[in-house]
Amino acid sequence: MLKVGLLGAGRIGQVHAVNIAGHPRSTLVAVSDIHAEAANTLAAAHGAEARSSDAILNDPGIDAVLIATSTDTHSDLIEAAARSGKAVLCEKPVDLSLDRAQRCLEAVADRAATVMIGFNRRFDPNFAALKASLLKGDIGKPELLSITSFDPAPPPVDYIKVSGGLFRDMMIHDFDMANFLMGDAPVSVSAVGSSIVDPRIGAAGDVDTAVVTLRYGDGRIAVIKNSRRAVYGYDQRVELLGAKGLLQAGNMLENTVVRSTVDGVVSGKPTYFFLERYMPAYAAEWDAFVGAVLDGRPQSVTLADGIAALALAEAATRAARTGETVPLQG
């Protein structure tokens with residue numbers, strides 16, 4: 001039984017707490033949060049204790065920690081957990097700074113502890129099935145990837161100000177998905193971004209609408225589209241054109257009812273947001289982490305994977321600001 005400490009009792013921490021406590025091979029021992037009341041409430045809901053982060057990290061009886069705190073604490077907590085011999089699952093991104101994230105990788109490189117980064121979309125049943133079909137050779141070599149990721153509404157501007165920007169906060173999931181599906185890192189990044197959804201986002205120095213093009217060494221291309229507003233729901237689609245065919249993963253709908261009348265054909269809208277869309281993916285992610293720690297299974301999303309996605313986010317941020325195509329180091 002994997003004994004787990006949860007660092008962070010906010011919205012995503014609450015999701016993880018359910019999966020930790022509900023898994024047959026893990027138990028939630030302790031919860032910490034900068035807001036004591038949040039930690040107390042979440043711990044009580046799952047039969048755990050509310051403790052400080054230091055107390056959790058220094059407890060030899062805790063085998064692993066799940067880091068769901070603010071991004072600016074991630075690298076420090078990963079390093080502290082690894083030093084104490086604990087396995088780590090950390091929410092994305094590794095850090096707001098690529099340099100700091102790379103130093104984190106260097107700091108834990110010689111330690112045996114499992115460190116996974118929470119790019120949960122790799123575990124989505126639909127995207128995983130698309131990847132499996134690709135690996136079977138069903139469409140041959142992938143040549144053109146298109147990823148659509150639209151949120152139903154923008155987050156509060158106070159969140160935007162500390163998020164690191166759309167490319168680090170939102171599109172970083174899509175950068176990881178591109179790396180996951182294309183099986184290689186691109187050689188250059190170009191990007192364009194605008195603030196057309198909410199002028200306050202532009203005033204805060206960010207964009208809310210963006211398109212990024214990734215070019216690979218062999219000429220393949222990936223295009224990623226992000227918007228902070230899609231009034232019809234959470235739009236999450238992947239299309240991959242290969243030498244022998246096309247793979248597509250569409251939206252999850254609120255229901256499967258289709259009404260066909262003389263007036264037209266109407267179906268359910270996409271699920272509203274990520275909690276509705278990706279709950280199965282979060283559960284599968286936790287199961288993969290437990291298997292990596294207890295059974296020695298390969299880590300599904302490594303710290304190096306997290307840094308690779310962050311490198312693309314930094315390059316896209318620069319490309320959008322300068323209008324230049326940004327080359328990437330090999």
# chains A, B, ... in the order shown; residues from 1 in each chain; ligands from 1
>>> select_by_dssp(residues="stretch 21-261 of chain A", states="alpha helix (DSSP H)", output="ChimeraX atom specification")
/A:21-22,36-45,53-57,74-83,98-108,125-135,157-162,166-169,172-182,199-203
>>> closest_atom_pairs(of="stretch 104-222 of chain A", to="stretch 55-72 of chain A", cutoff="10 Å", atoms="only C-alpha atoms", output="tab-separated table")
residue	atom	partner	partner_atom	distance
A:Ala113	CA	A:Ala64	CA	9.1
A:Thr114	CA	A:Ala64	CA	8.9
A:Val115	CA	A:Ala64	CA	9.6
A:Met116	CA	A:Leu66	CA	9.6
A:Ile117	CA	A:Ile67	CA	9.5
A:Gly118	CA	A:Ile67	CA	9.3
A:Val162	CA	A:Thr71	CA	8.9
A:Ser163	CA	A:Thr71	CA	7.9
A:Gly164	CA	A:Thr71	CA	8.8
A:Asp169	CA	A:Thr71	CA	9.4
>>> write_last_selection(atoms="all heavy atoms", output="CSV table (one decimal), in the first residue's frame")
chain,number,residue,atom,x,y,z
A,113,ALA,N,14.3,8.0,-6.8
A,113,ALA,CA,12.9,8.2,-6.6
A,113,ALA,C,12.2,8.4,-7.9
A,113,ALA,O,12.7,9.1,-8.8
A,113,ALA,CB,12.6,9.3,-5.7
A,114,THR,N,11.0,7.9,-8.1
A,114,THR,CA,10.2,8.1,-9.2
A,114,THR,C,9.7,9.6,-9.2
A,114,THR,O,9.2,10.1,-8.2
A,114,THR,CB,8.9,7.2,-9.2
A,114,THR,OG1,9.4,5.9,-9.3
A,114,THR,CG2,8.0,7.5,-10.3
A,115,VAL,N,9.8,10.3,-10.3
A,115,VAL,CA,9.3,11.6,-10.4
A,115,VAL,C,8.5,11.7,-11.8
A,115,VAL,O,9.1,11.6,-12.8
A,115,VAL,CB,10.4,12.7,-10.4
A,115,VAL,CG1,9.8,14.1,-10.6
A,115,VAL,CG2,11.3,12.6,-9.2
A,116,MET,N,7.2,11.9,-11.6
A,116,MET,CA,6.4,12.0,-12.8
A,116,MET,C,5.7,13.4,-12.8
A,116,MET,O,5.5,14.0,-11.8
A,116,MET,CB,5.3,10.9,-12.8
A,116,MET,CG,5.7,9.6,-13.4
A,116,MET,SD,4.4,8.3,-13.4
A,116,MET,CE,3.0,9.2,-14.1
A,117,ILE,N,5.5,13.9,-14.0
A,117,ILE,CA,4.8,15.2,-14.2
A,117,ILE,C,3.4,15.0,-14.7
A,117,ILE,O,3.1,14.1,-15.5
A,117,ILE,CB,5.6,16.1,-15.1
A,117,ILE,CG1,7.0,16.3,-14.6
A,117,ILE,CG2,4.9,17.4,-15.3
A,117,ILE,CD1,7.2,16.9,-13.2
A,118,GLY,N,2.5,15.7,-14.2
A,118,GLY,CA,1.0,15.5,-14.4
A,118,GLY,C,0.5,16.0,-15.7
A,118,GLY,O,-0.4,16.9,-15.7
A,162,VAL,N,-0.5,35.5,-12.5
A,162,VAL,CA,0.5,34.6,-11.9
A,162,VAL,C,0.7,33.3,-12.6
A,162,VAL,O,1.4,32.4,-12.1
A,162,VAL,CB,0.2,34.4,-10.4
A,162,VAL,CG1,0.2,35.7,-9.6
A,162,VAL,CG2,-1.2,33.7,-10.2
A,163,SER,N,0.0,33.1,-13.7
A,163,SER,CA,0.0,31.8,-14.4
A,163,SER,C,1.2,31.5,-15.2
A,163,SER,O,1.4,30.4,-15.6
A,163,SER,CB,-1.3,31.8,-15.3
A,163,SER,OG,-1.1,32.7,-16.4
A,164,GLY,N,2.0,32.6,-15.6
A,164,GLY,CA,3.1,32.3,-16.5
A,164,GLY,C,2.7,32.6,-17.9
A,164,GLY,O,3.5,32.4,-18.8
A,169,ASP,N,0.8,28.0,-19.2
A,169,ASP,CA,-0.3,27.5,-18.4
A,169,ASP,C,-1.3,26.6,-19.1
A,169,ASP,O,-1.7,25.6,-18.5
A,169,ASP,CB,-1.0,28.8,-17.8
A,169,ASP,CG,-2.3,28.4,-17.0
A,169,ASP,OD1,-2.1,27.6,-16.1
A,169,ASP,OD2,-3.3,28.9,-17.4
>>> closest_residue(among="A:Met177, A:Val18, A:Ser84, A:Arg25", to="A:Ala45", atoms="only C-alpha atoms")
A:Val18
>>> residues_around(residues="A:Asn19", least_positions_apart="3", cutoff="7 Å", atoms="only C-alpha atoms", output="PyMOL selection string")
chain A and resi 15-16+22-23+283+286
>>> atom_distance(atom1="atom CA of A:Ala9", atom2="atom CA of A:Leu105")
25.4 Å
>>> select_by_dssp(residues="stretch 75-251 of chain A", states="strand (DSSP E)", output="ChimeraX atom specification")
/A:87-91,115-118,142-150,188-194,209-215,221-227,235-242,245-249
>>> write_last_selection(atoms="N, CA and C atoms", output="compact mmCIF listing (two decimals), in the first residue's frame")
# COMPACT_ATOMS: atom_id res chain seq x y z
N ALA A 87 8.73 9.22 -3.71
CA ALA A 87 8.29 9.31 -5.10
C ALA A 87 7.43 10.56 -5.26
N VAL A 88 7.40 11.11 -6.48
CA VAL A 88 6.73 12.39 -6.71
C VAL A 88 5.86 12.32 -7.96
N LEU A 89 4.62 12.76 -7.82
CA LEU A 89 3.81 13.13 -8.97
C LEU A 89 3.50 14.61 -8.80
N CYS A 90 3.97 15.42 -9.75
CA CYS A 90 3.83 16.87 -9.64
C CYS A 90 2.98 17.39 -10.78
N GLU A 91 2.03 18.24 -10.45
CA GLU A 91 1.23 18.88 -11.48
C GLU A 91 2.10 19.73 -12.40
N VAL A 115 9.85 10.28 -10.32
CA VAL A 115 9.33 11.64 -10.45
C VAL A 115 8.54 11.71 -11.75
N MET A 116 7.23 11.85 -11.64
CA MET A 116 6.36 12.00 -12.80
C MET A 116 5.71 13.38 -12.81
N ILE A 117 5.45 13.89 -14.01
CA ILE A 117 4.81 15.18 -14.17
C ILE A 117 3.38 14.96 -14.69
N GLY A 118 2.45 15.75 -14.17
CA GLY A 118 1.03 15.50 -14.39
C GLY A 118 0.46 16.01 -15.70
N PRO A 142 3.26 9.61 -39.13
CA PRO A 142 2.48 10.84 -38.94
C PRO A 142 3.16 12.02 -39.63
N GLU A 143 2.35 12.83 -40.32
CA GLU A 143 2.92 13.93 -41.10
C GLU A 143 2.37 15.30 -40.69
N LEU A 144 1.11 15.38 -40.36
CA LEU A 144 0.50 16.67 -40.02
C LEU A 144 -0.43 16.50 -38.83
N LEU A 145 -0.10 17.17 -37.73
CA LEU A 145 -0.86 17.08 -36.49
C LEU A 145 -1.60 18.39 -36.25
N SER A 146 -2.86 18.29 -35.88
CA SER A 146 -3.65 19.47 -35.51
C SER A 146 -4.27 19.23 -34.14
N ILE A 147 -4.02 20.14 -33.20
CA ILE A 147 -4.56 20.04 -31.85
C ILE A 147 -5.40 21.29 -31.57
N THR A 148 -6.64 21.08 -31.19
CA THR A 148 -7.54 22.16 -30.81
C THR A 148 -7.82 22.08 -29.32
N SER A 149 -7.64 23.19 -28.62
CA SER A 149 -7.88 23.21 -27.18
C SER A 149 -8.47 24.58 -26.81
N PHE A 150 -9.78 24.60 -26.61
CA PHE A 150 -10.48 25.83 -26.27
C PHE A 150 -11.15 25.67 -24.91
N SER A 188 11.81 23.98 -34.72
CA SER A 188 11.50 25.41 -34.66
C SER A 188 10.05 25.63 -34.26
N VAL A 189 9.80 26.82 -33.71
CA VAL A 189 8.48 27.20 -33.23
C VAL A 189 8.15 28.59 -33.76
N SER A 190 6.96 28.72 -34.33
CA SER A 190 6.44 30.05 -34.66
C SER A 190 5.08 30.20 -34.00
N ALA A 191 4.71 31.44 -33.67
CA ALA A 191 3.48 31.64 -32.90
C ALA A 191 2.91 33.02 -33.16
N VAL A 192 1.60 33.11 -33.05
CA VAL A 192 0.92 34.40 -33.05
C VAL A 192 -0.13 34.36 -31.95
N GLY A 193 -0.24 35.44 -31.22
CA GLY A 193 -1.21 35.50 -30.13
C GLY A 193 -1.86 36.86 -30.04
N SER A 194 -3.11 36.89 -29.60
CA SER A 194 -3.86 38.14 -29.45
C SER A 194 -4.69 38.08 -28.18
N THR A 209 -5.85 34.14 -27.12
CA THR A 209 -6.11 33.43 -28.37
C THR A 209 -4.77 33.26 -29.08
N ALA A 210 -4.44 32.03 -29.47
CA ALA A 210 -3.10 31.81 -30.04
C ALA A 210 -3.09 30.62 -30.97
N VAL A 211 -2.18 30.70 -31.94
CA VAL A 211 -1.90 29.59 -32.85
C VAL A 211 -0.39 29.40 -32.90
N VAL A 212 0.06 28.17 -32.76
CA VAL A 212 1.48 27.83 -32.80
C VAL A 212 1.72 26.79 -33.88
N THR A 213 2.80 26.95 -34.60
CA THR A 213 3.22 25.97 -35.59
C THR A 213 4.58 25.40 -35.18
N LEU A 214 4.64 24.09 -35.10
CA LEU A 214 5.88 23.38 -34.80
C LEU A 214 6.37 22.71 -36.07
N ARG A 215 7.64 22.89 -36.39
CA ARG A 215 8.22 22.25 -37.57
C ARG A 215 9.29 21.26 -37.12
N ILE A 221 4.81 18.73 -39.62
CA ILE A 221 4.27 19.96 -39.05
C ILE A 221 3.20 19.63 -38.02
N ALA A 222 3.17 20.40 -36.94
CA ALA A 222 2.08 20.34 -35.96
C ALA A 222 1.54 21.75 -35.76
N VAL A 223 0.22 21.87 -35.71
CA VAL A 223 -0.43 23.16 -35.49
C VAL A 223 -1.30 23.04 -34.24
N ILE A 224 -1.15 23.99 -33.32
CA ILE A 224 -1.91 24.01 -32.08
C ILE A 224 -2.71 25.29 -32.01
N LYS A 225 -4.00 25.17 -31.72
CA LYS A 225 -4.89 26.32 -31.60
C LYS A 225 -5.45 26.37 -30.18
N ASN A 226 -5.33 27.52 -29.54
CA ASN A 226 -5.87 27.72 -28.19
C ASN A 226 -6.75 28.96 -28.14
N SER A 227 -7.82 28.88 -27.39
CA SER A 227 -8.62 30.06 -27.06
C SER A 227 -9.12 29.91 -25.64
N ASP A 235 -13.61 22.43 -25.71
CA ASP A 235 -13.35 21.88 -27.05
C ASP A 235 -11.95 21.27 -27.08
N GLN A 236 -11.88 19.95 -27.15
CA GLN A 236 -10.61 19.22 -27.07
C GLN A 236 -10.57 18.18 -28.19
N ARG A 237 -9.84 18.49 -29.26
CA ARG A 237 -9.80 17.59 -30.40
C ARG A 237 -8.38 17.41 -30.90
N VAL A 238 -8.11 16.23 -31.45
CA VAL A 238 -6.82 15.91 -32.06
C VAL A 238 -7.08 15.27 -33.42
N GLU A 239 -6.35 15.71 -34.42
CA GLU A 239 -6.42 15.13 -35.76
C GLU A 239 -5.00 14.90 -36.25
N LEU A 240 -4.72 13.68 -36.70
CA LEU A 240 -3.37 13.32 -37.12
C LEU A 240 -3.43 12.66 -38.49
N LEU A 241 -2.85 13.34 -39.46
CA LEU A 241 -2.80 12.83 -40.83
C LEU A 241 -1.48 12.10 -41.03
N GLY A 242 -1.57 10.87 -41.53
CA GLY A 242 -0.38 10.08 -41.80
C GLY A 242 -0.30 9.68 -43.25
N GLY A 245 -3.37 7.34 -43.89
CA GLY A 245 -4.71 7.61 -43.39
C GLY A 245 -4.75 8.70 -42.35
N LEU A 246 -5.89 8.79 -41.66
CA LEU A 246 -6.17 9.87 -40.72
C LEU A 246 -6.70 9.29 -39.41
N LEU A 247 -6.21 9.82 -38.30
CA LEU A 247 -6.73 9.49 -36.98
C LEU A 247 -7.34 10.75 -36.37
N GLN A 248 -8.51 10.60 -35.74
CA GLN A 248 -9.18 11.73 -35.11
C GLN A 248 -9.72 11.32 -33.75
N ALA A 249 -9.57 12.20 -32.78
CA ALA A 249 -10.21 12.04 -31.47
C ALA A 249 -11.04 13.29 -31.23
>>> residues_around(residues="stretch 262-272 of chain A", least_positions_apart="2", cutoff="6 Å", atoms="only C-alpha atoms", output="list in words")
Gly233, Tyr234, Asn251, Met252, Leu253, Glu254, Asn255, Val258, Arg259, Ser260 and Arg277 of chain A
>>> atom_distance(atom1="atom CA of A:Asp184", atom2="atom CA of A:Glu79")
27.3 Å
>>> atom_distance(atom1="atom CA of A:Gly137", atom2="atom CA of A:Gly183")
13.4 Å
>>> residues_around(residues="A:Ala80", least_positions_apart="3", cutoff="10 Å", atoms="only C-alpha atoms", output="PyMOL selection string")
chain A and resi 54+57-58+74-77+83-86+107-108
>>> write_last_selection(atoms="N, CA, C and O atoms", output="PDB file, in the first residue's frame")
ATOM      1  N   ASP A  54       6.368  20.626   5.349  1.00  0.00           N
ATOM      2  CA  ASP A  54       7.632  20.131   5.902  1.00  0.00           C
ATOM      3  C   ASP A  54       7.421  18.842   6.692  1.00  0.00           C
ATOM      4  O   ASP A  54       8.233  17.907   6.604  1.00  0.00           O
ATOM      5  N   LEU A  57       6.982  16.046   4.184  1.00  0.00           N
ATOM      6  CA  LEU A  57       8.226  15.718   3.490  1.00  0.00           C
ATOM      7  C   LEU A  57       9.219  15.010   4.403  1.00  0.00           C
ATOM      8  O   LEU A  57      10.011  14.178   3.946  1.00  0.00           O
ATOM      9  N   ASN A  58       9.180  15.319   5.687  1.00  0.00           N
ATOM     10  CA  ASN A  58      10.145  14.739   6.629  1.00  0.00           C
ATOM     11  C   ASN A  58       9.646  13.465   7.305  1.00  0.00           C
ATOM     12  O   ASN A  58      10.364  12.884   8.128  1.00  0.00           O
ATOM     13  N   HIS A  74       6.909  24.348  -7.311  1.00  0.00           N
ATOM     14  CA  HIS A  74       7.055  22.974  -7.788  1.00  0.00           C
ATOM     15  C   HIS A  74       8.490  22.456  -7.721  1.00  0.00           C
ATOM     16  O   HIS A  74       8.751  21.372  -7.184  1.00  0.00           O
ATOM     17  N   SER A  75       9.435  23.195  -8.289  1.00  0.00           N
ATOM     18  CA  SER A  75      10.808  22.702  -8.334  1.00  0.00           C
ATOM     19  C   SER A  75      11.378  22.485  -6.935  1.00  0.00           C
ATOM     20  O   SER A  75      12.023  21.462  -6.665  1.00  0.00           O
ATOM     21  N   ASP A  76      11.141  23.442  -6.044  1.00  0.00           N
ATOM     22  CA  ASP A  76      11.652  23.304  -4.677  1.00  0.00           C
ATOM     23  C   ASP A  76      11.074  22.062  -4.001  1.00  0.00           C
ATOM     24  O   ASP A  76      11.793  21.317  -3.323  1.00  0.00           O
ATOM     25  N   LEU A  77       9.785  21.831  -4.185  1.00  0.00           N
ATOM     26  CA  LEU A  77       9.148  20.687  -3.529  1.00  0.00           C
ATOM     27  C   LEU A  77       9.576  19.361  -4.162  1.00  0.00           C
ATOM     28  O   LEU A  77       9.743  18.362  -3.450  1.00  0.00           O
ATOM     29  N   ARG A  83      15.016  14.368  -2.170  1.00  0.00           N
ATOM     30  CA  ARG A  83      16.072  14.244  -1.143  1.00  0.00           C
ATOM     31  C   ARG A  83      15.629  13.337  -0.003  1.00  0.00           C
ATOM     32  O   ARG A  83      16.447  12.634   0.598  1.00  0.00           O
ATOM     33  N   SER A  84      14.329  13.350   0.294  1.00  0.00           N
ATOM     34  CA  SER A  84      13.832  12.522   1.392  1.00  0.00           C
ATOM     35  C   SER A  84      13.453  11.122   0.933  1.00  0.00           C
ATOM     36  O   SER A  84      12.911  10.333   1.708  1.00  0.00           O
ATOM     37  N   GLY A  85      13.743  10.810  -0.331  1.00  0.00           N
ATOM     38  CA  GLY A  85      13.517   9.466  -0.843  1.00  0.00           C
ATOM     39  C   GLY A  85      12.082   9.160  -1.224  1.00  0.00           C
ATOM     40  O   GLY A  85      11.712   7.990  -1.379  1.00  0.00           O
ATOM     41  N   LYS A  86      11.274  10.203  -1.399  1.00  0.00           N
ATOM     42  CA  LYS A  86       9.872   9.991  -1.734  1.00  0.00           C
ATOM     43  C   LYS A  86       9.657  10.034  -3.251  1.00  0.00           C
ATOM     44  O   LYS A  86      10.294  10.808  -3.965  1.00  0.00           O
ATOM     45  N   ALA A 107      19.305  18.308 -10.155  1.00  0.00           N
ATOM     46  CA  ALA A 107      19.365  18.051  -8.715  1.00  0.00           C
ATOM     47  C   ALA A 107      18.853  16.666  -8.348  1.00  0.00           C
ATOM     48  O   ALA A 107      19.304  16.076  -7.359  1.00  0.00           O
ATOM     49  N   VAL A 108      17.903  16.143  -9.106  1.00  0.00           N
ATOM     50  CA  VAL A 108      17.310  14.850  -8.751  1.00  0.00           C
ATOM     51  C   VAL A 108      17.809  13.717  -9.640  1.00  0.00           C
ATOM     52  O   VAL A 108      17.397  12.560  -9.471  1.00  0.00           O
TER      53      VAL A 108
END
>>> decode(residues="stretch 93-104 of chain A", atoms="all heavy atoms", output="PDB file, in the first residue's frame")
ATOM      1  N   PRO A  93       3.049  23.082 -14.729  1.00  0.00           N
ATOM      2  CA  PRO A  93       4.352  22.780 -15.297  1.00  0.00           C
ATOM      3  C   PRO A  93       5.381  22.560 -14.202  1.00  0.00           C
ATOM      4  O   PRO A  93       5.104  22.794 -13.020  1.00  0.00           O
ATOM      5  CB  PRO A  93       4.662  24.034 -16.110  1.00  0.00           C
ATOM      6  CG  PRO A  93       3.985  25.138 -15.358  1.00  0.00           C
ATOM      7  CD  PRO A  93       2.735  24.526 -14.784  1.00  0.00           C
ATOM      8  N   VAL A  94       6.579  22.117 -14.594  1.00  0.00           N
ATOM      9  CA  VAL A  94       7.634  21.900 -13.604  1.00  0.00           C
ATOM     10  C   VAL A  94       7.969  23.203 -12.901  1.00  0.00           C
ATOM     11  O   VAL A  94       8.186  23.232 -11.683  1.00  0.00           O
ATOM     12  CB  VAL A  94       8.889  21.325 -14.284  1.00  0.00           C
ATOM     13  CG1 VAL A  94      10.012  21.140 -13.273  1.00  0.00           C
ATOM     14  CG2 VAL A  94       8.565  20.004 -14.974  1.00  0.00           C
ATOM     15  N   ASP A  95       7.987  24.296 -13.662  1.00  0.00           N
ATOM     16  CA  ASP A  95       8.328  25.603 -13.104  1.00  0.00           C
ATOM     17  C   ASP A  95       7.888  26.662 -14.101  1.00  0.00           C
ATOM     18  O   ASP A  95       7.559  26.347 -15.255  1.00  0.00           O
ATOM     19  CB  ASP A  95       9.839  25.700 -12.843  1.00  0.00           C
ATOM     20  CG  ASP A  95      10.195  26.745 -11.798  1.00  0.00           C
ATOM     21  OD1 ASP A  95      10.309  27.929 -12.158  1.00  0.00           O
ATOM     22  OD2 ASP A  95      10.338  26.381 -10.617  1.00  0.00           O
ATOM     23  N   LEU A  96       7.870  27.899 -13.684  1.00  0.00           N
ATOM     24  CA  LEU A  96       7.630  28.988 -14.626  1.00  0.00           C
ATOM     25  C   LEU A  96       8.884  29.335 -15.411  1.00  0.00           C
ATOM     26  O   LEU A  96       8.809  29.963 -16.467  1.00  0.00           O
ATOM     27  CB  LEU A  96       7.125  30.231 -13.883  1.00  0.00           C
ATOM     28  CG  LEU A  96       5.737  30.115 -13.251  1.00  0.00           C
ATOM     29  CD1 LEU A  96       5.398  31.381 -12.476  1.00  0.00           C
ATOM     30  CD2 LEU A  96       4.674  29.824 -14.299  1.00  0.00           C
ATOM     31  N   SER A  97      10.055  28.930 -14.897  1.00  0.00           N
ATOM     32  CA  SER A  97      11.340  29.218 -15.525  1.00  0.00           C
ATOM     33  C   SER A  97      11.953  27.933 -16.049  1.00  0.00           C
ATOM     34  O   SER A  97      12.115  26.951 -15.311  1.00  0.00           O
ATOM     35  CB  SER A  97      12.288  29.860 -14.507  1.00  0.00           C
ATOM     36  OG  SER A  97      13.625  29.784 -14.940  1.00  0.00           O
ATOM     37  N   LEU A  98      12.328  27.932 -17.321  1.00  0.00           N
ATOM     38  CA  LEU A  98      12.978  26.758 -17.906  1.00  0.00           C
ATOM     39  C   LEU A  98      14.324  26.502 -17.236  1.00  0.00           C
ATOM     40  O   LEU A  98      14.684  25.348 -16.965  1.00  0.00           O
ATOM     41  CB  LEU A  98      13.159  26.958 -19.408  1.00  0.00           C
ATOM     42  CG  LEU A  98      13.824  25.811 -20.167  1.00  0.00           C
ATOM     43  CD1 LEU A  98      13.044  24.514 -20.027  1.00  0.00           C
ATOM     44  CD2 LEU A  98      13.993  26.184 -21.643  1.00  0.00           C
ATOM     45  N   ASP A  99      15.079  27.550 -16.961  1.00  0.00           N
ATOM     46  CA  ASP A  99      16.376  27.370 -16.299  1.00  0.00           C
ATOM     47  C   ASP A  99      16.206  26.703 -14.940  1.00  0.00           C
ATOM     48  O   ASP A  99      16.965  25.794 -14.582  1.00  0.00           O
ATOM     49  CB  ASP A  99      17.079  28.722 -16.130  1.00  0.00           C
ATOM     50  CG  ASP A  99      17.604  29.278 -17.446  1.00  0.00           C
ATOM     51  OD1 ASP A  99      17.745  28.491 -18.410  1.00  0.00           O
ATOM     52  OD2 ASP A  99      17.873  30.491 -17.504  1.00  0.00           O
ATOM     53  N   ARG A 100      15.225  27.156 -14.173  1.00  0.00           N
ATOM     54  CA  ARG A 100      15.000  26.559 -12.855  1.00  0.00           C
ATOM     55  C   ARG A 100      14.563  25.116 -12.987  1.00  0.00           C
ATOM     56  O   ARG A 100      14.987  24.242 -12.206  1.00  0.00           O
ATOM     57  CB  ARG A 100      13.938  27.371 -12.103  1.00  0.00           C
ATOM     58  CG  ARG A 100      13.601  26.795 -10.718  1.00  0.00           C
ATOM     59  CD  ARG A 100      14.782  26.914  -9.766  1.00  0.00           C
ATOM     60  NE  ARG A 100      14.527  26.280  -8.481  1.00  0.00           N
ATOM     61  CZ  ARG A 100      14.840  25.026  -8.176  1.00  0.00           C
ATOM     62  NH1 ARG A 100      15.446  24.255  -9.085  1.00  0.00           N
ATOM     63  NH2 ARG A 100      14.592  24.535  -6.972  1.00  0.00           N
ATOM     64  N   ALA A 101      13.738  24.816 -13.962  1.00  0.00           N
ATOM     65  CA  ALA A 101      13.296  23.440 -14.168  1.00  0.00           C
ATOM     66  C   ALA A 101      14.466  22.531 -14.542  1.00  0.00           C
ATOM     67  O   ALA A 101      14.560  21.390 -14.081  1.00  0.00           O
ATOM     68  CB  ALA A 101      12.231  23.399 -15.255  1.00  0.00           C
ATOM     69  N   GLN A 102      15.375  23.038 -15.347  1.00  0.00           N
ATOM     70  CA  GLN A 102      16.545  22.243 -15.728  1.00  0.00           C
ATOM     71  C   GLN A 102      17.459  21.999 -14.528  1.00  0.00           C
ATOM     72  O   GLN A 102      18.033  20.915 -14.390  1.00  0.00           O
ATOM     73  CB  GLN A 102      17.290  22.947 -16.856  1.00  0.00           C
ATOM     74  CG  GLN A 102      16.539  22.915 -18.179  1.00  0.00           C
ATOM     75  CD  GLN A 102      17.142  23.795 -19.247  1.00  0.00           C
ATOM     76  OE1 GLN A 102      17.772  24.829 -18.957  1.00  0.00           O
ATOM     77  NE2 GLN A 102      16.948  23.427 -20.498  1.00  0.00           N
ATOM     78  N   ARG A 103      17.573  22.992 -13.652  1.00  0.00           N
ATOM     79  CA  ARG A 103      18.362  22.789 -12.433  1.00  0.00           C
ATOM     80  C   ARG A 103      17.709  21.743 -11.534  1.00  0.00           C
ATOM     81  O   ARG A 103      18.392  20.967 -10.860  1.00  0.00           O
ATOM     82  CB  ARG A 103      18.541  24.104 -11.675  1.00  0.00           C
ATOM     83  CG  ARG A 103      19.402  25.122 -12.407  1.00  0.00           C
ATOM     84  CD  ARG A 103      19.922  26.207 -11.465  1.00  0.00           C
ATOM     85  NE  ARG A 103      18.871  26.900 -10.738  1.00  0.00           N
ATOM     86  CZ  ARG A 103      18.216  27.955 -11.211  1.00  0.00           C
ATOM     87  NH1 ARG A 103      18.495  28.425 -12.423  1.00  0.00           N
ATOM     88  NH2 ARG A 103      17.295  28.553 -10.487  1.00  0.00           N
ATOM     89  N   CYS A 104      16.383  21.729 -11.533  1.00  0.00           N
ATOM     90  CA  CYS A 104      15.656  20.714 -10.762  1.00  0.00           C
ATOM     91  C   CYS A 104      15.971  19.324 -11.293  1.00  0.00           C
ATOM     92  O   CYS A 104      16.209  18.387 -10.521  1.00  0.00           O
ATOM     93  CB  CYS A 104      14.155  20.996 -10.832  1.00  0.00           C
ATOM     94  SG  CYS A 104      13.126  19.797  -9.966  1.00  0.00           S
TER      95      CYS A 104
END
